[in-house]
Structure formats: structure tokens, C-alpha cells
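Below is one structure, written out as C-alpha cells; comments come after it.
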Amino acid sequence: MAFPPSPFMAAALAEATAAAARGEVPVGAVVVDPAGRIVAAAGNRTRELNDPTAHAEILAVRAACAAAGSERLTGHDLHVSLEPCAMCAAAISLARIGRLYYGAADPKGGGVDHGARVFAQVTCHHAPEVFGGIGATAAAALLTGFFAGRR
């Protein structure tokens with residue numbers, strides 16, 4: 001089921017739109033602290049940085065950890081426009097993110113509710129609460145439009 005975007009998902013979608021304008025796959029993420037403030041925001045930069053790990057989630061988590069002065073983001077929320085891949089899901093777990101909100105599902109490359117299902121593995125030390133489908137329609141439209149323009 002798809003739910004309308006929250007203000008935080010709207011911020012993640014704005015980051016995704018900016019990523020698309022840079023020629024990147026349009027995925028955006030924001031980290032929200034326990035007080036409800038956005039402490040980090042990022043869009044994909046894999047092509048710009050020539051770095052396959054420069055996914056929006058990784059960049060946002062890195063920036064939030066730097067701002068917090070800690071490798072742990074206990075009590076923080078992550079809002080991302082697309083279901084995180086297995087690499088990003090592992091980083092979310094390692095950072096101890098409290099809640100994950102994502103927009104569009106990714107049956108092909110997702111690692112949360114599809115594919116590797118990282119948080120369901122016995123080797124996963126921390127699993128956040130997961131809420132999918134937030135702003136899914138807008139996120140999916142952004143991705144579909146981006147890839148249609150590439151074909």
C-alpha cells in the first residue's frame with residue numbers, strides 16, 4: 001500500500017530530484033534526529049564521485065554520524081525514496097538507525113523487503129522498524145521518468 005509523502009519524505013524526494021538533475025539515479029535520503037530535525041540529507045553521487053558506495057543512504061548516514069560525533073545513530077530515523085539495497089541496509093543496521101521509512105519498493109535490487117532481506121538474517125545485529133510505501137507513487141514516478149529518458 002502506498003502512503004502520501006511525509007515532510008521528511010518530501011525532503012528525501014527533493015534530494016532524489018537533485019540527484020536526477022546531476023545525471024544520477026534519483027534516490028534521496030534524509031536522517032532525522034530524535035528531536036525531529038533533519039541532520040543530514042543526500043542524493044546518489046555514484047557517478048559524480050566514481051564511487052559505487054556513494055548511495056544516498058550511505059552519504060546521509062556518514063554525514064549524520066559526523067555531525068553526531070558517533071558511529072551510532074540510535075533513535076534517529078532514515079527517510080529514503082527507494083527501498084535500500086543490501087549494502088545500505090547493512091549500513092543502516094550498523095549505524096543502529098531506529099526507524100527506516102522508504103518510498104518505492106525495489107523488487108529487483110532491494111535488500112529490506114526484497115532480495116537479501118538483511119534485517120531478517122540471523123547475522124543482523126540490529127533491525128530498525130521498517131515502514132515502506134511512504135511517498136511511493138511520487139518516488140516511483142521519479143524513477144520511471146528518469147529511466148524512460150535514458151532509453
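Scheme for the C-alpha cells: letters A, B, ... for chains in order shown; per-chain residue numbers from 1; ligand numbers from 1 in order shown.
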
Polymer residues at most 10 Å from Leu94 in chain A, only C-alpha atoms, same-chain spacing of 6 or more positions, as a PDB file with C-alpha atoms, in the first residue's frame:
ATOM      1  CA  GLU A  71      29.240   5.827  14.580  1.00  0.00           C
ATOM      2  CA  ARG A  72      25.813   5.131  16.121  1.00  0.00           C
ATOM      3  CA  LEU A  73      22.597   6.948  15.325  1.00  0.00           C
ATOM      4  CA  CYS A  88      22.718   0.257   2.513  1.00  0.00           C
ATOM      5  CA  CYS A 124      21.906  -8.953  11.609  1.00  0.00           C
ATOM      6  CA  HIS A 125      22.718  -7.391  14.978  1.00  0.00           C
ATOM      7  CA  HIS A 126      20.160  -4.584  14.773  1.00  0.00           C
ATOM      8  CA  ALA A 127      16.977  -4.236  12.756  1.00  0.00           C
TER       9      ALA A 127
END

Within 6 Å of Pro128 in chain A using only C-alpha atoms, minus same-chain residues under 3 positions, as a PyMOL selection string
chain A and resi 97-99

Report as a list in words all protein, DNA and RNA residues lying within 6 Å of Cys85 in chain A, evaluated on only C-alpha atoms, omitting residues in the same chain fewer than 2 positions from it.
Met87, Cys88, Gly109, Gly110 and Gly111 of chain A

What parts of range 43-100 of chain A does DSSP call alpha helix (DSSP H)? I'd like the answer as a list in words.
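Reading the DSSP output for range 43-100 of chain A, alpha helix (DSSP H) covers Thr46, Arg47, Glu48, Leu49, Ala56, Glu57, Ile58, Leu59, Ala60, Val61, Arg62, Ala63, Ala64, Cys65, Ala66, Ala67, Ala68, Ala86, Met87, Cys88, Ala89, Ala90, Ala91, Ile92, Ser93, Leu94 and Ala95 of chain A.
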
Dump of N, CA, C and O atoms for the selected residues, as a compact mmCIF listing (two decimals), in the first residue's frame:
# COMPACT_ATOMS: atom_id res chain seq x y z
N THR A 46 27.06 8.35 -7.08
CA THR A 46 27.99 7.29 -7.51
C THR A 46 28.78 7.69 -8.75
O THR A 46 29.99 7.43 -8.81
N ARG A 47 28.14 8.30 -9.70
CA ARG A 47 28.84 8.71 -10.94
C ARG A 47 29.74 9.91 -10.68
O ARG A 47 30.89 9.94 -11.13
N GLU A 48 29.22 10.89 -9.98
CA GLU A 48 29.99 12.11 -9.70
C GLU A 48 31.29 11.79 -8.95
O GLU A 48 32.34 12.35 -9.24
N LEU A 49 31.19 10.90 -7.96
CA LEU A 49 32.35 10.59 -7.13
C LEU A 49 33.12 9.35 -7.59
O LEU A 49 34.12 8.98 -6.98
N ALA A 56 22.69 7.37 -1.70
CA ALA A 56 22.11 8.43 -0.86
C ALA A 56 22.12 8.05 0.62
O ALA A 56 22.48 8.86 1.47
N GLU A 57 21.74 6.81 0.91
CA GLU A 57 21.67 6.38 2.31
C GLU A 57 23.04 6.41 2.98
O GLU A 57 23.18 6.88 4.11
N ILE A 58 24.03 5.90 2.29
CA ILE A 58 25.39 5.85 2.84
C ILE A 58 25.89 7.27 3.10
O ILE A 58 26.44 7.56 4.17
N LEU A 59 25.71 8.15 2.12
CA LEU A 59 26.19 9.53 2.27
C LEU A 59 25.46 10.24 3.42
O LEU A 59 26.10 10.97 4.20
N ALA A 60 24.16 10.03 3.53
CA ALA A 60 23.39 10.68 4.61
C ALA A 60 23.80 10.12 5.97
O ALA A 60 23.96 10.88 6.93
N VAL A 61 23.97 8.82 6.07
CA VAL A 61 24.38 8.21 7.34
C VAL A 61 25.77 8.69 7.73
O VAL A 61 26.02 9.03 8.89
N ARG A 62 26.69 8.74 6.77
CA ARG A 62 28.04 9.25 7.06
C ARG A 62 27.99 10.67 7.60
O ARG A 62 28.66 11.00 8.59
N ALA A 63 27.22 11.53 6.95
CA ALA A 63 27.13 12.93 7.38
C ALA A 63 26.48 13.04 8.75
O ALA A 63 26.92 13.84 9.59
N ALA A 64 25.44 12.25 9.01
CA ALA A 64 24.77 12.29 10.31
C ALA A 64 25.70 11.79 11.41
O ALA A 64 25.73 12.36 12.51
N CYS A 65 26.48 10.75 11.13
CA CYS A 65 27.44 10.25 12.12
C CYS A 65 28.51 11.30 12.41
O CYS A 65 28.88 11.51 13.58
N ALA A 66 28.97 11.97 11.38
CA ALA A 66 29.98 13.03 11.57
C ALA A 66 29.39 14.15 12.43
O ALA A 66 30.05 14.65 13.34
N ALA A 67 28.15 14.53 12.15
CA ALA A 67 27.50 15.60 12.92
C ALA A 67 27.29 15.19 14.38
O ALA A 67 27.43 16.00 15.29
N ALA A 68 26.97 13.90 14.59
CA ALA A 68 26.73 13.40 15.95
C ALA A 68 28.02 13.09 16.69
O ALA A 68 28.01 12.94 17.91
N ALA A 86 21.05 -4.09 -0.30
CA ALA A 86 21.65 -4.86 0.80
C ALA A 86 22.81 -4.11 1.45
O ALA A 86 22.95 -4.12 2.68
N MET A 87 23.64 -3.43 0.66
CA MET A 87 24.75 -2.67 1.22
C MET A 87 24.25 -1.57 2.15
O MET A 87 24.75 -1.41 3.27
N CYS A 88 23.25 -0.84 1.70
CA CYS A 88 22.72 0.26 2.51
C CYS A 88 21.99 -0.27 3.73
O CYS A 88 22.07 0.31 4.82
N ALA A 89 21.27 -1.38 3.58
CA ALA A 89 20.58 -1.97 4.73
C ALA A 89 21.59 -2.38 5.79
O ALA A 89 21.36 -2.17 6.99
N ALA A 90 22.71 -2.95 5.38
CA ALA A 90 23.75 -3.32 6.35
C ALA A 90 24.29 -2.08 7.06
O ALA A 90 24.48 -2.09 8.29
N ALA A 91 24.51 -1.00 6.33
CA ALA A 91 24.99 0.24 6.95
C ALA A 91 23.96 0.80 7.93
O ALA A 91 24.32 1.29 9.00
N ILE A 92 22.69 0.72 7.57
CA ILE A 92 21.61 1.18 8.45
C ILE A 92 21.62 0.38 9.75
O ILE A 92 21.49 0.94 10.83
N SER A 93 21.81 -0.91 9.63
CA SER A 93 21.89 -1.77 10.81
C SER A 93 23.10 -1.41 11.67
O SER A 93 22.99 -1.26 12.88
N LEU A 94 24.26 -1.26 11.04
CA LEU A 94 25.48 -0.95 11.79
C LEU A 94 25.39 0.40 12.49
O LEU A 94 25.95 0.58 13.58
N ALA A 95 24.68 1.35 11.88
CA ALA A 95 24.52 2.67 12.47
C ALA A 95 23.45 2.68 13.57
O ALA A 95 23.31 3.67 14.28

Name all residues at most 7 Å from Ala41 in chain A (count only C-alpha atoms; drop same-chain ones fewer than 3 positions away) and give them as a PyMOL selection string.
chain A and resi 29-31+60

If you keep N, CA and C atoms, can you produce a file of those selected residues as a PDB file, in the first residue's frame?
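Final output, saved to result_15.pdb:
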ATOM      1  N   ALA A  29      17.883  10.698   0.447  1.00  0.00           N
ATOM      2  CA  ALA A  29      17.725  10.249   1.823  1.00  0.00           C
ATOM      3  C   ALA A  29      17.937  11.403   2.788  1.00  0.00           C
ATOM      4  N   VAL A  30      17.217  11.367   3.905  1.00  0.00           N
ATOM      5  CA  VAL A  30      17.440  12.313   4.989  1.00  0.00           C
ATOM      6  C   VAL A  30      17.456  11.552   6.310  1.00  0.00           C
ATOM      7  N   VAL A  31      18.319  11.998   7.216  1.00  0.00           N
ATOM      8  CA  VAL A  31      18.383  11.451   8.566  1.00  0.00           C
ATOM      9  C   VAL A  31      17.781  12.481   9.500  1.00  0.00           C
ATOM     10  N   ALA A  60      24.155  10.029   3.529  1.00  0.00           N
ATOM     11  CA  ALA A  60      23.393  10.675   4.611  1.00  0.00           C
ATOM     12  C   ALA A  60      23.795  10.119   5.974  1.00  0.00           C
TER      13      ALA A  60
END

Long-range neighbours of Ala18 in chain A as an NGL selection string, 12 Å cut-off, only C-alpha atoms, 2 positions minimum in chain:
:A and (11-16 or 20-29 or 41-45 or 56 or 142 or 146)

9 Å contact set for range 131-136 of chain A, only C-alpha atoms, chain neighbours under 6 positions out, as a PyMOL selection string:
chain A and resi 1-6+9-10+13+79+81-83+99-105+113

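On the backbone of this structure, DSSP gives strand (DSSP E) within range 3-151 of chain A to Gly28, Ala29, Val30, Val31, Val32, Ile38, Val39, Ala40, Ala41, Ala42, Gly43, Asp77, Leu78, His79, Val80, Ser81, Leu82, Arg99, Leu100, Tyr101, Tyr102, Gly103, Ala104, Glu129, Val130, Phe131 and Gly132 of chain A.
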